[in-house]
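Next comes model.cif, a file with mmCIF, C-alpha atoms and all ligand atoms.
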```
data_entry
loop_
_atom_site.group_PDB
_atom_site.id
_atom_site.type_symbol
_atom_site.label_atom_id
_atom_site.label_comp_id
_atom_site.auth_asym_id
_atom_site.auth_seq_id
_atom_site.Cartn_x
_atom_site.Cartn_y
_atom_site.Cartn_z
ATOM 1 C CA MET A 93 0.000 0.000 0.000
ATOM 2 C CA VAL A 94 1.343 3.357 -0.942
ATOM 3 C CA THR A 95 2.285 5.793 1.804
ATOM 4 C CA TYR A 96 3.067 9.463 1.565
ATOM 5 C CA TYR A 97 6.540 8.682 2.817
ATOM 6 C CA SER A 98 7.196 6.376 -0.105
ATOM 7 C CA LEU A 99 5.756 8.971 -2.483
ATOM 8 C CA LEU A 100 8.208 11.536 -1.133
ATOM 9 C CA THR A 101 11.274 9.332 -1.028
ATOM 10 C CA SER A 102 10.579 8.000 -4.488
ATOM 11 C CA LEU A 103 10.367 11.533 -5.758
ATOM 12 C CA PHE A 104 13.785 12.482 -4.454
ATOM 13 C CA LEU A 105 15.787 9.324 -4.164
ATOM 14 C CA SER A 106 15.188 6.624 -6.692
ATOM 15 C CA SER A 107 15.471 6.596 -10.426
ATOM 16 C CA ALA A 108 13.177 3.824 -11.451
ATOM 17 C CA SER A 109 12.654 5.269 -14.907
ATOM 18 C CA PRO A 110 14.501 7.514 -17.379
ATOM 19 C CA GLY A 111 11.854 10.236 -16.956
ATOM 20 C CA GLN A 112 12.291 10.254 -13.217
ATOM 21 C CA ALA A 113 16.089 10.220 -13.577
ATOM 22 C CA SER A 114 15.981 13.392 -15.729
ATOM 23 C CA ILE A 115 13.781 15.145 -13.191
ATOM 24 C CA HIS A 116 16.010 13.951 -10.371
ATOM 25 C CA HIS A 117 19.116 15.229 -12.165
ATOM 26 C CA LEU A 118 17.546 18.657 -12.680
ATOM 27 C CA PHE A 119 16.316 18.760 -9.086
ATOM 28 C CA THR A 120 19.771 17.910 -7.725
ATOM 29 C CA TRP A 121 21.408 20.780 -9.647
ATOM 30 C CA PHE A 122 18.697 23.179 -8.506
ATOM 31 C CA LEU A 123 19.233 22.071 -4.927
ATOM 32 C CA ILE A 124 23.012 22.497 -5.088
ATOM 33 C CA VAL A 125 22.966 25.934 -6.728
ATOM 34 C CA ALA A 126 20.055 27.216 -4.625
ATOM 35 C CA SER A 127 21.914 26.085 -1.480
ATOM 36 C CA LEU A 128 25.064 27.910 -2.599
ATOM 37 C CA VAL A 129 23.034 31.064 -3.246
ATOM 38 C CA PHE A 130 21.318 30.739 0.129
ATOM 39 C CA ILE A 131 24.588 30.205 1.994
ATOM 40 C CA SER A 132 26.406 33.087 0.267
ATOM 41 C CA VAL A 133 23.526 35.576 0.643
ATOM 42 C CA THR A 134 23.048 34.686 4.313
ATOM 43 C CA GLY A 135 26.810 34.828 4.863
ATOM 44 C CA ILE A 136 27.165 38.227 3.224
ATOM 45 C CA VAL A 137 24.204 39.662 5.171
ATOM 46 C CA LEU A 138 25.664 38.423 8.479
ATOM 47 C CA TYR A 139 29.123 39.701 7.597
ATOM 48 C CA VAL A 140 27.840 43.138 6.588
ATOM 49 C CA CYS A 141 25.724 43.393 9.765
ATOM 50 C CA TYR A 142 28.786 42.693 11.841
ATOM 51 C CA ARG A 143 31.367 44.649 9.858
ATOM 52 C CA TYR A 144 29.305 47.821 9.466
ATOM 53 C CA ARG A 145 27.504 47.860 12.801
ATOM 54 C CA ALA A 146 27.295 51.256 14.536
ATOM 55 C CA LYS A 147 30.240 51.678 16.866
ATOM 56 C CA ASN A 148 28.790 54.586 18.773
ATOM 57 C CA GLN A 149 25.474 56.442 18.864
ATOM 58 C CA ASP A 150 26.636 59.587 17.057
ATOM 59 C CA GLU A 151 28.368 57.982 14.140
ATOM 60 C CA ARG A 152 26.640 58.562 10.775
ATOM 61 C CA PRO A 153 27.222 55.819 8.195
ATOM 62 C CA VAL A 154 28.824 56.746 4.876
ATOM 63 C CA GLN A 155 26.066 57.374 2.316
ATOM 64 C CA SER A 156 26.678 55.731 -1.044
ATOM 65 C CA PHE A 157 24.619 56.008 -4.230
ATOM 66 C CA GLY A 158 25.244 52.997 -6.390
ATOM 67 C CA ASN A 159 28.205 51.180 -7.767
ATOM 68 C CA THR A 160 27.890 50.406 -11.481
ATOM 69 C CA LYS A 161 30.528 47.680 -11.464
ATOM 70 C CA VAL A 162 28.901 45.731 -8.613
ATOM 71 C CA GLU A 163 25.398 46.177 -9.997
ATOM 72 C CA VAL A 164 26.300 45.076 -13.531
ATOM 73 C CA SER A 165 28.242 42.031 -12.357
ATOM 74 C CA LEU A 166 25.481 40.923 -9.957
ATOM 75 C CA THR A 167 22.844 41.338 -12.682
ATOM 76 C CA LEU A 168 24.962 39.386 -15.164
ATOM 77 C CA LEU A 169 25.743 36.649 -12.670
ATOM 78 C CA THR A 170 22.112 36.098 -11.664
ATOM 79 C CA SER A 171 20.966 36.271 -15.301
ATOM 80 C CA CYS A 172 23.514 33.601 -16.187
ATOM 81 C CA VAL A 173 22.345 31.318 -13.381
ATOM 82 C CA VAL A 174 18.700 31.774 -14.375
ATOM 83 C CA GLY A 175 19.602 31.320 -18.069
ATOM 84 C CA VAL A 176 21.453 28.057 -17.429
ATOM 85 C CA PHE A 177 18.547 26.697 -15.406
ATOM 86 C CA LEU A 178 16.047 27.794 -18.033
ATOM 87 C CA TYR A 179 18.051 25.857 -20.608
ATOM 88 C CA MET A 180 18.312 22.776 -18.359
ATOM 89 C CA THR A 181 14.587 22.890 -17.584
ATOM 90 C CA ILE A 182 13.568 23.172 -21.226
ATOM 91 C CA THR A 183 15.856 20.345 -22.342
ATOM 92 C CA THR A 184 14.554 18.166 -19.495
ATOM 93 C CA MET A 185 10.977 18.949 -20.534
ATOM 94 C CA PHE A 186 11.639 17.928 -24.133
ATOM 95 C CA ASP A 187 13.532 14.900 -22.954
ATOM 96 C CA ILE A 188 10.669 13.518 -20.885
ATOM 97 C CA GLN A 189 7.709 14.780 -22.857
ATOM 98 C CA LYS A 190 8.212 14.083 -26.547
ATOM 99 C CA PRO A 191 5.150 14.775 -28.722
ATOM 100 C CA ALA A 192 2.974 11.725 -29.267
ATOM 101 C CA GLY A 193 2.124 12.677 -32.856
ATOM 102 C CA LYS A 194 -0.326 10.310 -34.450
ATOM 103 C CA GLN A 195 1.014 7.280 -32.656
ATOM 104 C CA THR A 196 -1.491 4.849 -31.242
ATOM 105 C CA ALA A 197 -1.400 4.845 -27.473
ATOM 106 C CA ASP A 198 -0.230 1.703 -25.727
ATOM 107 C CA VAL A 199 -2.488 2.492 -22.801
ATOM 108 C CA VAL A 200 -5.551 4.732 -22.731
ATOM 109 C CA ILE A 201 -6.545 5.868 -19.257
ATOM 110 C CA THR A 202 -9.931 7.384 -18.584
ATOM 111 C CA ALA A 203 -10.133 9.008 -15.184
ATOM 112 C CA HIS A 204 -13.463 8.757 -13.397
ATOM 113 C CA GLN A 205 -14.630 9.871 -9.979
ATOM 114 C CA TRP A 206 -12.911 7.813 -8.395
ATOM 115 C CA TRP A 207 -11.264 5.115 -10.395
ATOM 116 C CA TRP A 208 -9.150 4.580 -13.497
ATOM 117 C CA GLN A 209 -10.352 2.859 -16.622
ATOM 118 C CA VAL A 210 -7.451 1.216 -18.426
ATOM 119 C CA GLU A 211 -7.640 0.209 -22.086
ATOM 120 C CA TYR A 212 -5.029 -1.253 -24.407
ATOM 121 C CA PRO A 213 -5.934 -0.353 -28.016
ATOM 122 C CA LYS A 214 -3.264 -2.645 -29.458
ATOM 123 C CA SER A 215 -4.593 -5.800 -27.805
ATOM 124 C CA SER A 216 -8.161 -4.736 -26.864
ATOM 125 C CA ALA A 217 -7.451 -5.631 -23.238
ATOM 126 C CA VAL A 218 -9.461 -3.678 -20.681
ATOM 127 C CA THR A 219 -9.069 -3.422 -16.937
ATOM 128 C CA ALA A 220 -9.363 -0.929 -14.098
ATOM 129 C CA ASN A 221 -6.959 0.618 -11.612
ATOM 130 C CA GLU A 222 -4.120 -1.887 -12.033
ATOM 131 C CA ILE A 223 -2.060 -0.901 -15.041
ATOM 132 C CA HIS A 224 0.172 -3.585 -16.513
ATOM 133 C CA ILE A 225 3.063 -2.495 -18.737
ATOM 134 C CA PRO A 226 6.086 -4.274 -20.220
ATOM 135 C CA VAL A 227 9.317 -3.497 -18.358
ATOM 136 C CA GLY A 228 12.123 -1.555 -20.080
ATOM 137 C CA LYS A 229 9.886 -0.276 -22.898
ATOM 138 C CA ARG A 230 8.772 3.270 -23.600
ATOM 139 C CA VAL A 231 5.042 3.095 -23.310
ATOM 140 C CA LEU A 232 2.707 5.815 -24.576
ATOM 141 C CA PHE A 233 -0.111 6.665 -22.178
ATOM 142 C CA LYS A 234 -3.051 8.798 -23.301
ATOM 143 C CA PHE A 235 -5.406 10.342 -20.787
ATOM 144 C CA LYS A 236 -9.058 11.322 -20.940
ATOM 145 C CA SER A 237 -11.469 12.377 -18.245
ATOM 146 C CA ALA A 238 -15.036 11.193 -17.846
ATOM 147 C CA ASP A 239 -15.957 13.996 -15.466
ATOM 148 C CA VAL A 240 -13.659 16.482 -13.722
ATOM 149 C CA VAL A 241 -9.947 17.351 -13.725
ATOM 150 C CA HIS A 242 -7.748 14.579 -12.347
ATOM 151 C CA ASP A 243 -3.993 14.225 -12.350
ATOM 152 C CA PHE A 244 -2.012 11.072 -12.985
ATOM 153 C CA TRP A 245 1.130 10.791 -10.904
ATOM 154 C CA VAL A 246 3.392 7.845 -10.252
ATOM 155 C CA PRO A 247 6.437 9.695 -8.845
ATOM 156 C CA GLU A 248 8.949 6.965 -9.608
ATOM 157 C CA LEU A 249 7.912 6.882 -13.235
ATOM 158 C CA GLY A 250 8.288 10.577 -13.957
ATOM 159 C CA ARG A 251 6.258 13.714 -14.149
ATOM 160 C CA LYS A 252 2.605 14.372 -13.377
ATOM 161 C CA MET A 253 0.024 14.714 -16.090
ATOM 162 C CA ASP A 254 -3.228 16.611 -15.829
ATOM 163 C CA ILE A 255 -6.323 14.914 -17.145
ATOM 164 C CA ILE A 256 -8.754 17.461 -18.494
ATOM 165 C CA PRO A 257 -12.379 16.950 -19.578
ATOM 166 C CA GLY A 258 -12.750 17.418 -23.330
ATOM 167 C CA ASP A 259 -9.016 17.160 -23.965
ATOM 168 C CA THR A 260 -6.454 14.394 -24.409
ATOM 169 C CA THR A 261 -3.052 14.530 -22.765
ATOM 170 C CA HIS A 262 -0.219 12.036 -22.970
ATOM 171 C CA LEU A 263 2.842 10.785 -21.162
ATOM 172 C CA TRP A 264 5.730 8.510 -22.078
ATOM 173 C CA ILE A 265 6.429 6.056 -19.309
ATOM 174 C CA GLN A 266 9.216 3.570 -18.905
ATOM 175 C CA ALA A 267 9.838 1.355 -15.900
ATOM 176 C CA ASN A 268 13.400 0.104 -15.454
ATOM 177 C CA LYS A 269 12.595 -2.720 -13.087
ATOM 178 C CA ALA A 270 9.929 -5.392 -13.095
ATOM 179 C CA ARG A 271 7.920 -4.584 -9.999
ATOM 180 C CA GLU A 272 4.941 -2.628 -8.792
ATOM 181 C CA TYR A 273 4.921 1.168 -8.734
ATOM 182 C CA THR A 274 2.389 3.156 -6.785
ATOM 183 C CA GLY A 275 0.996 6.590 -7.328
ATOM 184 C CA ALA A 276 -2.102 8.652 -6.736
ATOM 185 C CA CYS A 277 -4.410 11.147 -8.339
ATOM 186 C CA SER A 278 -2.849 14.483 -7.442
ATOM 187 C CA GLU A 279 -5.519 16.993 -8.344
ATOM 188 C CA PHE A 280 -8.403 17.391 -5.930
ATOM 189 C CA CYS A 281 -11.337 15.778 -7.699
ATOM 190 C CA GLY A 282 -14.023 15.364 -5.055
ATOM 191 C CA ALA A 283 -14.910 13.371 -1.975
ATOM 192 C CA GLN A 284 -12.821 10.280 -2.703
ATOM 193 C CA HIS A 285 -9.813 11.991 -4.284
ATOM 194 C CA ALA A 286 -7.629 10.360 -1.629
ATOM 195 C CA TRP A 287 -8.789 6.935 -2.750
ATOM 196 C CA MET A 288 -7.791 7.233 -6.332
ATOM 197 C CA ARG A 289 -4.562 5.323 -6.081
ATOM 198 C CA ILE A 290 -2.621 4.041 -9.051
ATOM 199 C CA HIS A 291 -0.869 0.691 -9.328
ATOM 200 C CA VAL A 292 1.481 0.194 -12.240
ATOM 201 C CA ILE A 293 2.709 -3.368 -12.628
ATOM 202 C CA ALA A 294 5.791 -3.600 -14.835
ATOM 203 C CA GLU A 295 6.529 -7.137 -15.985
ATOM 204 C CA PRO A 296 8.650 -8.898 -18.630
ATOM 205 C CA GLN A 297 7.288 -8.556 -22.163
ATOM 206 C CA LYS A 298 6.263 -12.207 -22.397
ATOM 207 C CA GLN A 299 4.339 -12.096 -19.153
ATOM 208 C CA PHE A 300 2.757 -8.810 -20.201
ATOM 209 C CA ASN A 301 1.659 -10.282 -23.545
ATOM 210 C CA GLN A 302 0.054 -13.203 -21.749
ATOM 211 C CA TRP A 303 -1.720 -10.856 -19.391
ATOM 212 C CA ALA A 304 -2.952 -8.656 -22.261
ATOM 213 C CA GLU A 305 -4.116 -11.629 -24.270
ATOM 214 C CA LYS A 306 -6.039 -12.969 -21.320
ATOM 215 C CA ASN A 307 -7.591 -9.617 -20.474
ATOM 216 C CA ALA A 308 -8.655 -9.045 -24.070
ATOM 217 C CA ARG A 309 -10.778 -12.191 -23.963
ATOM 218 C CA PRO A 310 -14.413 -12.201 -22.875
ATOM 219 C CA ALA A 311 -15.209 -13.638 -19.476
ATOM 220 C CA GLU A 312 -15.836 -17.326 -19.127
ATOM 221 C CA GLN A 313 -19.367 -17.609 -17.883
ATOM 222 C CA PRO A 314 -20.267 -20.114 -15.192
ATOM 223 C CA GLN A 315 -22.733 -22.726 -16.393
ATOM 224 C CA LYS A 316 -24.058 -23.984 -13.101
ATOM 225 C CA GLY A 317 -23.958 -23.604 -9.339
ATOM 226 C CA ILE A 318 -24.041 -20.494 -7.175
ATOM 227 C CA ALA A 319 -21.871 -18.558 -9.609
ATOM 228 C CA ALA A 320 -24.368 -19.119 -12.446
ATOM 229 C CA GLU A 321 -27.159 -17.914 -10.180
ATOM 230 C CA GLY A 322 -25.003 -14.897 -9.383
ATOM 231 C CA ALA A 323 -24.668 -14.179 -13.103
ATOM 232 C CA LYS A 324 -28.437 -14.228 -13.480
ATOM 233 C CA LEU A 325 -28.886 -11.988 -10.472
ATOM 234 C CA PHE A 326 -26.245 -9.572 -11.794
ATOM 235 C CA HIS A 327 -28.300 -9.132 -14.948
ATOM 236 C CA ARG A 328 -31.629 -9.022 -13.165
ATOM 237 C CA LEU A 329 -30.391 -6.207 -10.908
ATOM 238 C CA THR A 330 -29.280 -4.300 -14.048
ATOM 239 C CA CYS A 331 -25.679 -4.062 -12.825
ATOM 240 C CA GLY A 332 -24.769 -4.183 -16.504
ATOM 241 C CA ASN A 333 -26.105 -0.663 -17.010
ATOM 242 C CA CYS A 334 -22.968 0.615 -15.314
ATOM 243 C CA HIS A 335 -20.495 -2.266 -15.580
ATOM 244 C CA SER A 336 -19.199 -4.251 -18.511
ATOM 245 C CA ILE A 337 -18.628 -7.955 -18.494
ATOM 246 C CA ARG A 338 -17.433 -8.685 -21.981
ATOM 247 C CA GLY A 339 -19.104 -11.689 -23.555
ATOM 248 C CA THR A 340 -22.392 -10.884 -21.825
ATOM 249 C CA SER A 341 -25.027 -8.216 -22.359
ATOM 250 C CA ALA A 342 -23.499 -6.101 -19.568
ATOM 251 C CA ASP A 343 -21.869 -3.214 -21.411
ATOM 252 C CA GLY A 344 -22.074 -0.186 -19.095
ATOM 253 C CA THR A 345 -19.150 2.207 -18.991
ATOM 254 C CA ILE A 346 -19.973 4.252 -15.882
ATOM 255 C CA GLY A 347 -18.306 1.815 -13.487
ATOM 256 C CA PRO A 348 -15.203 -0.371 -13.834
ATOM 257 C CA ASP A 349 -15.060 -3.237 -16.329
ATOM 258 C CA LEU A 350 -15.554 -6.455 -14.371
ATOM 259 C CA THR A 351 -14.696 -8.999 -17.077
ATOM 260 C CA HIS A 352 -11.640 -10.268 -15.202
ATOM 261 C CA LEU A 353 -12.284 -8.803 -11.770
ATOM 262 C CA GLY A 354 -11.090 -11.989 -10.059
ATOM 263 C CA ASN A 355 -7.567 -11.381 -11.368
ATOM 264 C CA ARG A 356 -7.165 -7.979 -9.774
ATOM 265 C CA LYS A 357 -5.329 -7.592 -6.475
ATOM 266 C CA THR A 358 -7.304 -4.693 -5.102
ATOM 267 C CA LEU A 359 -10.809 -3.295 -5.093
ATOM 268 C CA LEU A 360 -11.914 0.358 -5.153
ATOM 269 C CA THR A 361 -8.692 1.835 -6.482
ATOM 270 C CA GLY A 362 -6.431 0.323 -3.884
ATOM 271 C CA LEU A 363 -8.735 0.798 -0.897
ATOM 272 C CA LEU A 364 -9.291 -2.905 -0.178
ATOM 273 C CA GLN A 365 -7.613 -6.189 -0.990
ATOM 274 C CA ASN A 366 -9.617 -8.088 -3.562
ATOM 275 C CA ASN A 367 -11.172 -10.979 -1.695
ATOM 276 C CA LYS A 368 -14.611 -12.361 -1.024
ATOM 277 C CA ALA A 369 -15.000 -10.767 2.398
ATOM 278 C CA ASN A 370 -14.192 -7.289 1.117
ATOM 279 C CA LEU A 371 -16.328 -7.628 -1.986
ATOM 280 C CA ARG A 372 -19.167 -8.696 0.279
ATOM 281 C CA ARG A 373 -18.693 -5.625 2.510
ATOM 282 C CA TRP A 374 -18.728 -3.420 -0.563
ATOM 283 C CA LEU A 375 -21.928 -4.918 -2.002
ATOM 284 C CA GLU A 376 -23.673 -4.730 1.355
ATOM 285 C CA ASP A 377 -23.188 -0.997 1.701
ATOM 286 C CA PRO A 378 -20.957 0.855 -0.773
ATOM 287 C CA GLN A 379 -21.414 4.225 0.936
ATOM 288 C CA LYS A 380 -20.075 2.845 4.193
ATOM 289 C CA ILE A 381 -16.836 1.827 2.492
ATOM 290 C CA LYS A 382 -16.291 4.627 -0.036
ATOM 291 C CA LYS A 383 -18.587 7.518 0.717
ATOM 292 C CA GLY A 384 -19.709 9.409 -2.344
ATOM 293 C CA ALA A 385 -18.880 6.606 -4.776
ATOM 294 C CA HIS A 386 -21.397 6.415 -7.598
ATOM 295 C CA MET A 387 -22.307 2.826 -6.785
ATOM 296 C CA PRO A 388 -25.861 2.751 -5.431
ATOM 297 C CA ARG A 389 -26.789 0.637 -2.464
ATOM 298 C CA PHE A 390 -28.905 -2.352 -3.372
ATOM 299 C CA ILE A 391 -30.894 -3.838 -0.574
ATOM 300 C CA LEU A 392 -29.712 -7.401 -0.904
ATOM 301 C CA GLU A 393 -30.384 -10.516 1.089
ATOM 302 C CA ASP A 394 -27.433 -12.431 2.434
ATOM 303 C CA LYS A 395 -28.007 -15.195 -0.087
ATOM 304 C CA GLN A 396 -28.029 -12.757 -2.951
ATOM 305 C CA VAL A 397 -24.767 -11.164 -1.862
ATOM 306 C CA ASN A 398 -23.265 -14.661 -1.714
ATOM 307 C CA LYS A 399 -24.300 -15.403 -5.250
ATOM 308 C CA LEU A 400 -22.949 -12.124 -6.592
ATOM 309 C CA VAL A 401 -19.647 -12.441 -4.757
ATOM 310 C CA THR A 402 -19.152 -15.996 -5.989
ATOM 311 C CA TYR A 403 -19.903 -14.946 -9.549
ATOM 312 C CA LEU A 404 -17.717 -11.834 -9.537
ATOM 313 C CA GLU A 405 -14.697 -13.389 -7.807
ATOM 314 C CA GLY A 406 -14.873 -16.236 -10.315
ATOM 315 C CA LEU A 407 -14.471 -13.877 -13.262
ATOM 316 C CA LYS A 408 -10.886 -14.594 -14.282
HETATM 317 CU CU1 LIG A 501 -8.961 12.068 -9.254
HETATM 318 CU CU2 LIG A 501 -8.101 13.432 -7.521
#
```

Could you render the structure as structure tokens?
Amino acid sequence: MVTYYSLLTSLFLSSASPGQASIHHLFTWFLIVASLVFISVTGIVLYVCYRYRAKNQDERPVQSFGNTKVEVSLTLLTSCVVGVFLYMTITTMFDIQKPAGKQTADVVITAHQWWWQVEYPKSSAVTANEIHIPVGKRVLFKFKSADVVHDFWVPELGRKMDIIPGDTTHLWIQANKAREYTGACSEFCGAQHAWMRIHVIAEPQKQFNQWAEKNARPAEQPQKGIAAEGAKLFHRLTCGNCHSIRGTSADGTIGPDLTHLGNRKTLLTGLLQNNKANLRRWLEDPQKIKKGAHMPRFILEDKQVNKLVTYLEGLK
């Protein structure tokens, strides 16, 4: 689970991706030069206070009216420092944010209050909240918003990107190591902004291909037992108006795609581990778990919840 501490340390300390390394490099130079400026200005102020302090009450200090040499050199020096940093900032920006042109995105993210829809145009895979990418590859992310302004930020993988209704933004992302990276929505977007976590799972290309292939397929539907009853109930309760389960008539796009829900590690954008007990708690009273979420509360009997949970957790 992501903590603010890990968000902070990952911002300053690690370089898990080329984008983050460029930002880190720029930040380090800023820190060094800004510290030097701070130390010299403070030092000079202290020195001048001491050196030119009044020695007795009647003494009048010498009045001076400018010194062209000092003024010109200070102006030139500061302009040079600012100029160098402007150059470094612009080159870093171009380095980490190359135009996407007409290239097809590898991953299309649609931000919703309060979850992430994740689509892979090249393989037709669809999922939510847990973003799989191949390790060591530059991956093109495109962002859209379904409602308000959100902001995608996985500190270890580089810069932030605003997600703006009616517009498309993009980001190149590359993970150097095969592991999980965590991030969060970093633009206040309503009641559950804090629970809009991001999980990026970088894995070897082969494993990624297998995952994508699997997640592009429609769900295998249970033929009998409690799960099959759950499937019927799911459709009877019109859950499919908001959720998609590919291969069935459920094709809603308001809530997360549930086609392979059973394969995800977490529920509700990282809020809960994905298991039967938590799914049950969620179905019993969504507002108790994630207040403000657009999932309505259905008054369900225990038996019905059982059927739904069995069906949904079996979707793999
Ligand atoms: Cu989405 Cu904050």

Could you state the separation of CA of Met288 (chain A) and CA of Leu363 (chain A) in Å, given to one decimal place?
8.5 Å

Could you list, as a list of chain:residue names, all the residues within 10 Å of ligand LIG 501 (chain A), counting all atoms listed in the file?
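Final answer, ordered by chain and number: A:Ala203, A:His204, A:Gln205, A:Trp206, A:Trp207, A:Trp208, A:Ser237, A:Asp239, A:Val240, A:Val241, A:His242, A:Asp243, A:Phe244, A:Asp254, A:Ile255, A:Ala276, A:Cys277, A:Ser278, A:Glu279, A:Phe280, A:Cys281, A:Gly282, A:Ala283, A:Gln284, A:His285, A:Ala286, A:Trp287, A:Met288, A:Arg289.
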
List the residues matched by the PyMOL selection byres (((chain A and resi 268) around 12) and not hetatm) in the displayed structure as JSON, numbers by chain, ordered by chain and then by residue number.
{"A": [106, 107, 108, 109, 110, 111, 112, 113, 225, 226, 227, 228, 229, 230, 231, 248, 249, 250, 265, 266, 267, 269, 270, 271, 272, 273, 293, 294, 295, 296]}

Spatial neighbours of Tyr403 (chain A), 12 Å, all atoms listed in the file, chain gap at least 6 places, as a VMD selection string:
chain A and resid 311 to 327 337 350 to 354 368 371 to 372 396 to 397

Which residues would end up in the selection if the PyMOL selection byres (((chain A and resi 388-394) around 9) and not hetatm) were applied here, given that I need the answer as a ChimeraX atom specification?
/A:329,375-379,385-387,395-399

Å distance separating CA of Asn355 (chain A) from CA of Val246 (chain A), one decimal place
22.2 Å

Can you tell me which residues surround Asn370 (chain A) at a distance of at most 12 Å, considering all atoms listed in the file, apart from same-chain residues fewer than 3 positions away, and format the answer as an MDAnalysis selection string?
chainID A and resid 357:360 362:367 373:378 381 397 401 405
